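Text of input19.cif (mmCIF, C-alpha atoms) as supplied:
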data_work
#
loop_
_atom_site.label_atom_id
_atom_site.label_comp_id
_atom_site.auth_asym_id
_atom_site.auth_seq_id
_atom_site.Cartn_x
_atom_site.Cartn_y
_atom_site.Cartn_z
CA MET A 20 79.06 -71.39 -150.55
CA ARG A 21 80.67 -72.30 -153.83
CA LEU A 22 79.82 -75.95 -154.01
CA GLU A 23 81.85 -76.74 -157.12
CA TYR A 24 85.00 -75.41 -155.42
CA PHE A 25 84.25 -76.98 -152.04
CA GLN A 26 84.18 -73.52 -150.49
CA MET A 27 81.59 -74.27 -147.84
CA VAL A 28 82.23 -71.41 -145.42
CA ASP A 29 81.14 -67.86 -146.29
CA ARG A 30 82.26 -65.99 -143.21
CA VAL A 31 83.44 -66.43 -139.65
CA VAL A 32 80.87 -65.06 -137.19
CA GLU A 33 82.79 -65.68 -133.98
CA MET A 34 85.69 -67.71 -132.72
CA SER A 35 87.20 -68.43 -129.32
CA LEU A 36 90.66 -69.94 -129.03
CA ASP A 37 90.12 -70.39 -125.29
CA ASP A 38 87.03 -72.53 -125.84
CA GLY A 39 88.28 -74.06 -129.08
CA SER A 40 85.00 -73.07 -130.69
CA ILE A 41 83.92 -71.34 -133.86
CA ARG A 42 80.70 -70.25 -135.50
CA VAL A 43 80.57 -69.66 -139.22
CA GLU A 44 77.82 -68.80 -141.66
CA SER A 45 77.08 -70.15 -145.07
CA VAL A 46 74.35 -69.46 -147.58
CA VAL A 47 73.38 -72.28 -149.87
CA PRO A 48 73.54 -71.01 -153.47
CA THR A 49 70.26 -70.70 -155.30
CA ALA A 50 71.77 -72.30 -158.38
CA SER A 51 74.49 -74.91 -158.81
CA THR A 52 75.24 -77.79 -161.13
CA VAL A 53 75.06 -79.96 -158.02
CA PHE A 54 71.32 -79.39 -157.92
CA GLU A 55 70.90 -80.54 -161.49
CA GLY A 56 71.59 -84.04 -160.30
CA HIS A 57 70.58 -83.84 -156.65
CA PHE A 58 67.71 -83.91 -157.55
CA PRO A 59 66.10 -82.91 -160.87
CA GLY A 60 63.05 -80.83 -160.00
CA HIS A 61 63.70 -81.14 -156.26
CA PRO A 62 67.06 -79.51 -155.40
CA LEU A 63 68.58 -80.49 -152.05
CA LEU A 64 72.02 -79.87 -150.60
CA PRO A 65 73.62 -83.34 -150.41
CA GLY A 66 74.15 -84.65 -146.90
CA VAL A 67 77.83 -85.32 -147.59
CA LEU A 68 78.25 -81.60 -148.30
CA LEU A 69 76.63 -80.79 -144.95
CA ILE A 70 79.25 -83.01 -143.33
CA GLU A 71 81.96 -81.29 -145.38
CA THR A 72 80.60 -77.93 -144.18
CA MET A 73 80.87 -79.04 -140.56
CA ALA A 74 84.36 -80.39 -141.23
CA GLN A 75 85.51 -77.09 -142.73
CA ALA A 76 84.10 -75.09 -139.81
CA ALA A 77 85.88 -77.33 -137.32
CA GLY A 78 88.95 -77.29 -139.56
CA TRP A 79 89.27 -73.52 -139.18
CA ILE A 80 89.32 -73.65 -135.39
CA ILE A 81 91.82 -76.51 -135.47
CA LEU A 82 93.99 -74.52 -137.88
CA ALA A 83 93.80 -71.61 -135.47
CA HIS A 84 94.65 -73.85 -132.54
CA HIS A 85 97.79 -74.94 -134.40
CA ARG A 86 98.64 -71.39 -135.50
CA PHE A 87 98.37 -72.39 -139.16
CA GLU A 88 101.49 -74.51 -138.72
CA ARG A 89 99.78 -77.85 -139.26
CA MET A 90 96.68 -78.84 -141.17
CA PRO A 91 93.67 -80.96 -140.19
CA PHE A 92 92.51 -83.76 -142.49
CA LEU A 93 89.11 -85.34 -141.97
CA ALA A 94 89.67 -88.92 -140.83
CA GLY A 95 86.45 -90.01 -139.20
CA VAL A 96 82.75 -89.19 -138.99
CA ARG A 97 80.89 -90.46 -135.98
CA ALA A 98 77.23 -90.25 -135.04
CA ALA A 99 76.27 -88.10 -138.01
CA LYS A 100 72.60 -87.20 -138.03
CA LEU A 101 71.02 -85.43 -140.98
CA ARG A 102 67.82 -84.16 -139.41
CA ARG A 103 66.12 -82.35 -142.26
CA PHE A 104 66.50 -81.37 -145.88
CA VAL A 105 68.37 -78.20 -146.87
CA SER A 106 67.22 -76.27 -149.93
CA PRO A 107 68.90 -73.67 -152.16
CA GLY A 108 68.99 -70.21 -150.63
CA GLU A 109 68.97 -71.30 -146.99
CA ARG A 110 71.25 -69.55 -144.50
CA LEU A 111 73.18 -72.00 -142.32
CA SER A 112 74.77 -71.35 -138.95
CA VAL A 113 77.60 -73.81 -138.38
CA ASP A 114 79.17 -74.48 -134.98
CA GLY A 115 82.34 -76.43 -134.32
CA ARG A 116 84.08 -77.09 -131.02
CA ILE A 117 87.23 -79.05 -130.27
CA ILE A 118 86.31 -81.65 -127.66
CA HIS A 119 89.63 -83.46 -127.61
CA GLU A 120 93.16 -82.58 -128.66
CA GLY A 121 95.25 -85.72 -128.97
CA SER A 122 98.72 -86.47 -130.22
CA GLY A 123 98.47 -85.82 -133.95
CA PHE A 124 94.70 -85.82 -134.00
CA ALA A 125 91.71 -83.83 -132.80
CA VAL A 126 88.04 -84.55 -132.28
CA ALA A 127 85.37 -81.90 -132.80
CA SER A 128 81.67 -81.72 -132.08
CA CYS A 129 79.79 -79.94 -134.85
CA GLN A 130 76.26 -78.91 -135.69
CA ILE A 131 74.37 -76.88 -138.24
CA ASN A 132 71.23 -74.87 -137.59
CA ALA A 133 68.95 -72.94 -139.91
CA ASP A 134 66.14 -70.66 -138.77
CA GLY A 135 66.95 -71.72 -135.23
CA LYS A 136 66.27 -75.38 -135.95
CA ALA A 137 68.73 -78.26 -135.97
CA VAL A 138 69.81 -79.38 -139.42
CA CYS A 139 72.54 -81.89 -138.64
CA ASP A 140 75.27 -82.80 -136.17
CA ALA A 141 78.27 -85.10 -135.96
CA GLU A 142 81.47 -85.84 -134.13
CA LEU A 143 84.43 -85.50 -136.47
CA THR A 144 87.97 -86.81 -136.11
CA PHE A 145 90.89 -85.12 -137.83
CA ARG A 146 94.49 -86.14 -138.31
CA ILE A 147 96.79 -83.17 -137.80
CA LEU A 148 99.68 -83.24 -140.25
CA PRO A 149 102.23 -80.85 -141.76
CA PHE A 150 100.99 -78.93 -144.79
CA PRO A 151 101.49 -81.21 -147.79
CA ASP A 152 102.57 -78.29 -149.97
CA PRO A 153 103.25 -74.56 -149.42
CA GLU A 154 100.60 -73.84 -152.05
CA VAL A 155 97.96 -75.42 -149.83
CA ARG A 156 98.91 -73.19 -146.94
CA ALA A 157 98.91 -70.12 -149.18
CA ASP A 158 95.48 -71.06 -150.49
CA LEU A 159 94.13 -71.46 -146.97
CA GLU A 160 95.56 -68.10 -145.93
CA ALA A 161 93.83 -66.51 -148.91
CA ALA A 162 90.61 -68.26 -147.95
CA ALA A 163 91.04 -66.99 -144.38
CA ALA A 164 91.09 -63.43 -145.65
CA ARG A 165 88.04 -64.09 -147.83
CA ILE A 166 85.89 -65.39 -144.96
CA GLY A 167 87.06 -62.85 -142.39
CA PHE A 168 89.03 -65.31 -140.32
CA PRO A 169 90.61 -63.30 -137.46
CA LEU A 170 94.25 -64.07 -138.18
CA GLU A 171 95.24 -61.27 -135.82
CA ALA A 172 93.78 -63.30 -132.93
CA LEU A 173 96.53 -65.88 -133.39
CA SER A 174 99.31 -63.39 -132.71
CA HIS A 175 97.66 -62.37 -129.43
CA ALA A 176 97.02 -65.90 -128.27
CA GLY A 177 99.16 -67.35 -125.53
CA MET B 19 96.07 -109.21 -115.60
CA SER B 20 96.44 -105.50 -114.81
CA ASP B 21 93.55 -103.09 -114.72
CA THR B 22 95.35 -101.01 -117.32
CA PHE B 23 95.57 -103.92 -119.72
CA ASN B 24 91.94 -104.83 -119.18
CA THR B 25 90.78 -101.27 -119.76
CA VAL B 26 92.81 -100.91 -122.96
CA ALA B 27 91.79 -104.35 -124.20
CA ASP B 28 88.12 -103.52 -123.57
CA ILE B 29 88.54 -100.29 -125.55
CA ILE B 30 90.19 -102.10 -128.47
CA ALA B 31 87.55 -104.81 -128.48
CA GLU B 32 84.71 -102.29 -128.55
CA THR B 33 86.33 -99.82 -130.92
CA CYS B 34 87.57 -102.34 -133.48
CA ASP B 35 84.90 -105.01 -133.03
CA ILE B 36 87.51 -107.60 -132.09
CA PRO B 37 86.52 -110.48 -129.79
CA ARG B 38 87.79 -109.59 -126.33
CA GLU B 39 89.25 -113.06 -125.77
CA LYS B 40 91.50 -112.61 -128.82
CA ILE B 41 93.29 -109.66 -127.18
CA LYS B 42 96.14 -110.82 -124.99
CA PRO B 43 99.11 -109.06 -123.40
CA GLU B 44 101.41 -110.54 -126.01
CA SER B 45 99.16 -109.56 -128.94
CA HIS B 46 100.75 -107.23 -131.44
CA ALA B 47 98.26 -104.51 -132.32
CA ILE B 48 99.12 -104.51 -136.02
CA ASP B 49 100.46 -107.97 -136.82
CA ASP B 50 98.04 -109.95 -134.66
CA LEU B 51 94.97 -107.74 -134.26
CA GLU B 52 95.24 -106.01 -137.67
CA ILE B 53 94.46 -102.60 -136.26
CA ASP B 54 95.11 -99.85 -138.79
CA SER B 55 96.04 -96.21 -138.30
CA LEU B 56 92.46 -94.95 -138.44
CA ASP B 57 91.38 -97.41 -135.76
CA PHE B 58 94.31 -96.15 -133.71
CA LEU B 59 92.78 -92.66 -133.72
CA ASP B 60 89.58 -93.97 -132.15
CA ILE B 61 91.53 -96.11 -129.70
CA ALA B 62 93.78 -93.19 -128.76
CA PHE B 63 90.73 -90.97 -128.23
CA ALA B 64 89.16 -93.54 -125.92
CA VAL B 65 92.43 -94.24 -124.07
CA ASP B 66 93.09 -90.51 -123.64
CA LYS B 67 89.63 -90.09 -122.12
CA ALA B 68 89.83 -93.20 -119.94
CA PHE B 69 93.21 -92.35 -118.39
CA GLY B 70 93.29 -88.56 -118.73
CA ILE B 71 96.48 -88.73 -120.79
CA LYS B 72 97.69 -87.86 -124.27
CA LEU B 73 98.79 -91.13 -125.87
CA PRO B 74 101.94 -90.35 -127.92
CA LEU B 75 100.39 -91.49 -131.18
CA GLU B 76 102.78 -89.43 -133.29
CA GLN B 77 105.69 -91.50 -132.03
CA LEU B 78 104.03 -94.54 -133.56
CA PHE B 79 102.91 -92.92 -136.80
CA ARG B 80 105.43 -90.72 -138.47
CA PRO B 81 103.91 -87.65 -140.21
CA GLN B 82 102.88 -88.25 -143.83
CA GLU B 83 103.24 -91.99 -143.42
CA SER B 84 100.26 -93.31 -145.26
CA VAL B 85 98.70 -96.16 -143.35
CA ARG B 86 100.95 -98.31 -141.26
CA PRO B 87 103.99 -97.68 -139.10
CA HIS B 88 107.19 -99.55 -139.75
CA ARG B 89 106.57 -103.01 -138.45
CA ARG B 90 109.84 -104.53 -137.39
CA PRO B 91 111.77 -101.51 -136.09
CA HIS B 92 108.81 -100.50 -133.89
CA ARG B 93 107.40 -103.90 -133.19
CA ARG B 94 107.71 -103.54 -129.44
CA GLN B 95 105.63 -100.36 -129.55
CA GLY B 96 102.70 -102.28 -130.97
CA ARG B 97 102.59 -104.83 -128.19
CA MET B 98 99.78 -104.81 -125.69
CA SER B 99 102.19 -104.89 -122.76
CA ALA B 100 105.80 -104.04 -122.05
CA GLU B 101 108.31 -106.76 -122.86
#
Show me this structure written as structure tokens.
Amino acid sequence: MRLEYFQMVDRVVEMSLDDGSIRVESVVPTASTVFEGHFPGHPLLPGVLLIETMAQAAGWIILAHHRFERMPFLAGVRAAKLRRFVSPGERLSVDGRIIHEGSGFAVASCQINADGKAVCDAELTFRILPFPDPEVRADLEAAAARIGFPLEALSHAG
Amino acid sequence: MSDTFNTVADIIAETCDIPREKIKPESHAIDDLEIDSLDFLDIAFAVDKAFGIKLPLEQLFRPQESVRPHRRPHRRQGRMSAE
């Protein structure tokens, strides 16, 4: 994770286009300016960043589902539960699964675990829109390479 | 009143916290019920699930349109029932 750059996903562990599911991994940095304020002497990963982490995990599988031709934008957070605190240095396992593909939107069920225990979960809604700028798409393709996103899987998908 | 109307009206009432009795076949979703595009996502999700369909939301909301669809040209599309 690079919190200051909103890079919440470190690597893709597994992905299934058939199931519309993805598992990614992220390690919370041991040091970040975020922890200087949240909170002094008691660093915790902010809950909103846990939600952002789930959104990015789900975002990758939605991007894959749309062959990188359209982009998901977080539009709604439902039933979010932040079940325990997350500290610097923790390794997070993040699961996202598309539970509904609508016309111009998608809904995903997401959860994060650490050490085999539930950290948080939520149902996220995304609007699916054209890329707002070619630079955004290029940046996402670069990020895909960085996190080991299996771009080759898209060319083999029906 | 058709079952379809009642089902959709129940969904709108629950999703948008609108009194059920305020939702009538002639109600315009935007002008009368003040439903915005984000509410439409939740409504579409619920309608899709209830009827096993894919509500053509993108025909109502053009891509990159910020919040609301054009009102007058598409007014009929916002009505609760066919005119």
Discussion item. Only residues of chain B matter here; which ones have an atom within 9 Å of chain A, counting all atoms listed in the file? Give them as number ranges by chain.
Written reply: B: 56, 59-60, 62-63, 66-67, 71-77, 79, 81-82
Practice prompt. Rounded to one decimal place, report the CA of Ala76 (chain A)-CA of Ala50 (chain A) distance in Å.
Written response: 22.5 Å
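Atom to atom, CA of Ala77 (chain A) and CA of Leu93 (chain A) stand 9.8 Å apart.
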Worksheet item: With distances taken over all atoms listed in the file, which of A:Thr72, A:Gly66, A:Arg89, A:Arg116 is nearest to Arg102 (chain A)?
Response: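 Once distances to Arg102 (chain A) are computed over all atoms listed in the file, the minimum belongs to A:Gly66.
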Worksheet entry | CA of Val31 (chain A) to CA of Glu142 (chain A), straight-line distance in Å |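 Between CA of Glu142 (chain A) and CA of Val31 (chain A) the gap works out to 20.3 Å.
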Fill in: Counting only C-alpha atoms, the residue of A:Leu63, A:Ile118, A:Val28, A:Ala127 that sits nearest Arg103 (chain A)
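Closest residue, counting only C-alpha atoms: A:Leu63.
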Item to complete: Tell me which residues the PyMOL selection byres ((chain A and resi 167) around 9) grabs here, as a PyMOL selection string.
Response: chain A and resi 29-32+162-166+168-170
Hits of the PyMOL selection byres ((chain A and resi 110) around 8) in this structure, as a PDB file with C-alpha atoms, in the frame of the given file:
ATOM      1  CA  GLU A  44      77.820 -68.800-141.660  1.00  0.00           C
ATOM      2  CA  SER A  45      77.080 -70.150-145.070  1.00  0.00           C
ATOM      3  CA  VAL A  46      74.350 -69.460-147.580  1.00  0.00           C
ATOM      4  CA  VAL A  47      73.380 -72.280-149.870  1.00  0.00           C
ATOM      5  CA  GLY A 108      68.990 -70.210-150.630  1.00  0.00           C
ATOM      6  CA  GLU A 109      68.970 -71.300-146.990  1.00  0.00           C
ATOM      7  CA  LEU A 111      73.180 -72.000-142.320  1.00  0.00           C
ATOM      8  CA  SER A 112      74.770 -71.350-138.950  1.00  0.00           C
ATOM      9  CA  ALA A 133      68.950 -72.940-139.910  1.00  0.00           C
ATOM     10  CA  ASP A 134      66.140 -70.660-138.770  1.00  0.00           C
TER      11      ASP A 134
END
Practice prompt. Translate the PyMOL selection byres ((chain A and resi 78) around 9), as applied to the file shown, into an explicit residue set as a count of residues only.
Written response: 17
Enclose all atoms of region 140-158 of chain A listed in the file in an axis-aligned box, grow every side by 3 Å, and hand back centre and edge lengths in Å to one decimal, as JSON.
{"center_x": 89.3, "center_y": -78.5, "center_z": -143.1, "size_x": 34.0, "size_y": 22.7, "size_z": 23.9}
Worksheet item: Neighbours of Ser20 (chain B) within 10 Å (all atoms listed in the file; same-chain residues fewer than 2 positions away dropped), as a PyMOL selection string?
Response: chain B and resi 22-25+43+99
Working from the structure I just supplied, which lacks atoms in region 19-30 of chain B, can you model all heavy atoms there and output them as a PDB file, in the coordinates of the input?
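And here is the file that came out, part27.pdb:
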ATOM      1  N   MET B  19      96.171-110.194-114.511  1.00  0.00           N
ATOM      2  CA  MET B  19      96.070-109.210-115.600  1.00  0.00           C
ATOM      3  C   MET B  19      95.815-107.817-115.005  1.00  0.00           C
ATOM      4  O   MET B  19      94.954-107.656-114.138  1.00  0.00           O
ATOM      5  CB  MET B  19      94.909-109.605-116.514  1.00  0.00           C
ATOM      6  CG  MET B  19      95.142-109.432-117.972  1.00  0.00           C
ATOM      7  SD  MET B  19      96.183-110.609-118.806  1.00  0.00           S
ATOM      8  CE  MET B  19      95.135-112.035-118.943  1.00  0.00           C
ATOM      9  N   SER B  20      96.559-106.816-115.442  1.00  0.00           N
ATOM     10  CA  SER B  20      96.440-105.500-114.810  1.00  0.00           C
ATOM     11  C   SER B  20      95.145-104.808-115.229  1.00  0.00           C
ATOM     12  O   SER B  20      94.559-105.099-116.271  1.00  0.00           O
ATOM     13  CB  SER B  20      97.635-104.637-115.223  1.00  0.00           C
ATOM     14  OG  SER B  20      97.501-104.254-116.577  1.00  0.00           O
ATOM     15  N   ASP B  21      94.723-103.874-114.373  1.00  0.00           N
ATOM     16  CA  ASP B  21      93.550-103.090-114.720  1.00  0.00           C
ATOM     17  C   ASP B  21      93.789-102.287-115.986  1.00  0.00           C
ATOM     18  O   ASP B  21      92.888-102.088-116.796  1.00  0.00           O
ATOM     19  CB  ASP B  21      93.211-102.138-113.562  1.00  0.00           C
ATOM     20  CG  ASP B  21      92.626-102.899-112.381  1.00  0.00           C
ATOM     21  OD1 ASP B  21      92.211-104.059-112.582  1.00  0.00           O
ATOM     22  OD2 ASP B  21      92.603-102.342-111.275  1.00  0.00           O
ATOM     23  N   THR B  22      95.021-101.797-116.133  1.00  0.00           N
ATOM     24  CA  THR B  22      95.350-101.010-117.320  1.00  0.00           C
ATOM     25  C   THR B  22      95.168-101.852-118.582  1.00  0.00           C
ATOM     26  O   THR B  22      94.543-101.412-119.554  1.00  0.00           O
ATOM     27  CB  THR B  22      96.801-100.487-117.252  1.00  0.00           C
ATOM     28  OG1 THR B  22      96.941 -99.687-116.084  1.00  0.00           O
ATOM     29  CG2 THR B  22      97.139 -99.671-118.488  1.00  0.00           C
ATOM     30  N   PHE B  23      95.722-103.056-118.550  1.00  0.00           N
ATOM     31  CA  PHE B  23      95.570-103.920-119.720  1.00  0.00           C
ATOM     32  C   PHE B  23      94.104-104.187-120.000  1.00  0.00           C
ATOM     33  O   PHE B  23      93.655-104.097-121.155  1.00  0.00           O
ATOM     34  CB  PHE B  23      96.298-105.256-119.516  1.00  0.00           C
ATOM     35  CG  PHE B  23      95.927-106.257-120.574  1.00  0.00           C
ATOM     36  CD1 PHE B  23      96.472-106.178-121.841  1.00  0.00           C
ATOM     37  CD2 PHE B  23      94.970-107.246-120.315  1.00  0.00           C
ATOM     38  CE1 PHE B  23      96.097-107.069-122.843  1.00  0.00           C
ATOM     39  CE2 PHE B  23      94.588-108.132-121.310  1.00  0.00           C
ATOM     40  CZ  PHE B  23      95.164-108.056-122.568  1.00  0.00           C
ATOM     41  N   ASN B  24      93.353-104.515-118.963  1.00  0.00           N
ATOM     42  CA  ASN B  24      91.940-104.830-119.180  1.00  0.00           C
ATOM     43  C   ASN B  24      91.176-103.646-119.758  1.00  0.00           C
ATOM     44  O   ASN B  24      90.335-103.808-120.645  1.00  0.00           O
ATOM     45  CB  ASN B  24      91.298-105.288-117.866  1.00  0.00           C
ATOM     46  CG  ASN B  24      91.694-106.719-117.522  1.00  0.00           C
ATOM     47  OD1 ASN B  24      91.803-107.571-118.398  1.00  0.00           O
ATOM     48  ND2 ASN B  24      91.933-106.978-116.248  1.00  0.00           N
ATOM     49  N   THR B  25      91.473-102.463-119.253  1.00  0.00           N
ATOM     50  CA  THR B  25      90.780-101.270-119.760  1.00  0.00           C
ATOM     51  C   THR B  25      91.107-101.043-121.233  1.00  0.00           C
ATOM     52  O   THR B  25      90.219-100.802-122.057  1.00  0.00           O
ATOM     53  CB  THR B  25      91.181-100.030-118.935  1.00  0.00           C
ATOM     54  OG1 THR B  25      90.849-100.267-117.563  1.00  0.00           O
ATOM     55  CG2 THR B  25      90.448 -98.787-119.433  1.00  0.00           C
ATOM     56  N   VAL B  26      92.404-101.141-121.557  1.00  0.00           N
ATOM     57  CA  VAL B  26      92.810-100.910-122.960  1.00  0.00           C
ATOM     58  C   VAL B  26      92.260-102.019-123.858  1.00  0.00           C
ATOM     59  O   VAL B  26      91.773-101.745-124.967  1.00  0.00           O
ATOM     60  CB  VAL B  26      94.356-100.844-123.056  1.00  0.00           C
ATOM     61  CG1 VAL B  26      94.795-100.788-124.518  1.00  0.00           C
ATOM     62  CG2 VAL B  26      94.876 -99.625-122.307  1.00  0.00           C
ATOM     63  N   ALA B  27      92.308-103.244-123.383  1.00  0.00           N
ATOM     64  CA  ALA B  27      91.790-104.350-124.200  1.00  0.00           C
ATOM     65  C   ALA B  27      90.292-104.186-124.435  1.00  0.00           C
ATOM     66  O   ALA B  27      89.801-104.453-125.546  1.00  0.00           O
ATOM     67  CB  ALA B  27      92.095-105.676-123.505  1.00  0.00           C
ATOM     68  N   ASP B  28      89.565-103.751-123.401  1.00  0.00           N
ATOM     69  CA  ASP B  28      88.120-103.520-123.570  1.00  0.00           C
ATOM     70  C   ASP B  28      87.872-102.435-124.626  1.00  0.00           C
ATOM     71  O   ASP B  28      86.960-102.543-125.451  1.00  0.00           O
ATOM     72  CB  ASP B  28      87.482-103.114-122.243  1.00  0.00           C
ATOM     73  CG  ASP B  28      87.388-104.281-121.263  1.00  0.00           C
ATOM     74  OD1 ASP B  28      87.569-105.440-121.703  1.00  0.00           O
ATOM     75  OD2 ASP B  28      87.152-104.025-120.067  1.00  0.00           O
ATOM     76  N   ILE B  29      88.687-101.390-124.577  1.00  0.00           N
ATOM     77  CA  ILE B  29      88.540-100.290-125.550  1.00  0.00           C
ATOM     78  C   ILE B  29      88.794-100.809-126.967  1.00  0.00           C
ATOM     79  O   ILE B  29      88.038-100.508-127.898  1.00  0.00           O
ATOM     80  CB  ILE B  29      89.513 -99.144-125.199  1.00  0.00           C
ATOM     81  CG1 ILE B  29      89.016 -98.394-123.962  1.00  0.00           C
ATOM     82  CG2 ILE B  29      89.665 -98.180-126.386  1.00  0.00           C
ATOM     83  CD1 ILE B  29      90.018 -97.392-123.404  1.00  0.00           C
ATOM     84  N   ILE B  30      89.868-101.573-127.130  1.00  0.00           N
ATOM     85  CA  ILE B  30      90.190-102.100-128.470  1.00  0.00           C
ATOM     86  C   ILE B  30      89.074-103.020-128.962  1.00  0.00           C
ATOM     87  O   ILE B  30      88.656-102.942-130.121  1.00  0.00           O
ATOM     88  CB  ILE B  30      91.542-102.841-128.431  1.00  0.00           C
ATOM     89  CG1 ILE B  30      92.678-101.841-128.223  1.00  0.00           C
ATOM     90  CG2 ILE B  30      91.765-103.634-129.714  1.00  0.00           C
ATOM     91  CD1 ILE B  30      94.042-102.489-128.006  1.00  0.00           C
TER      92      ILE B  30
END
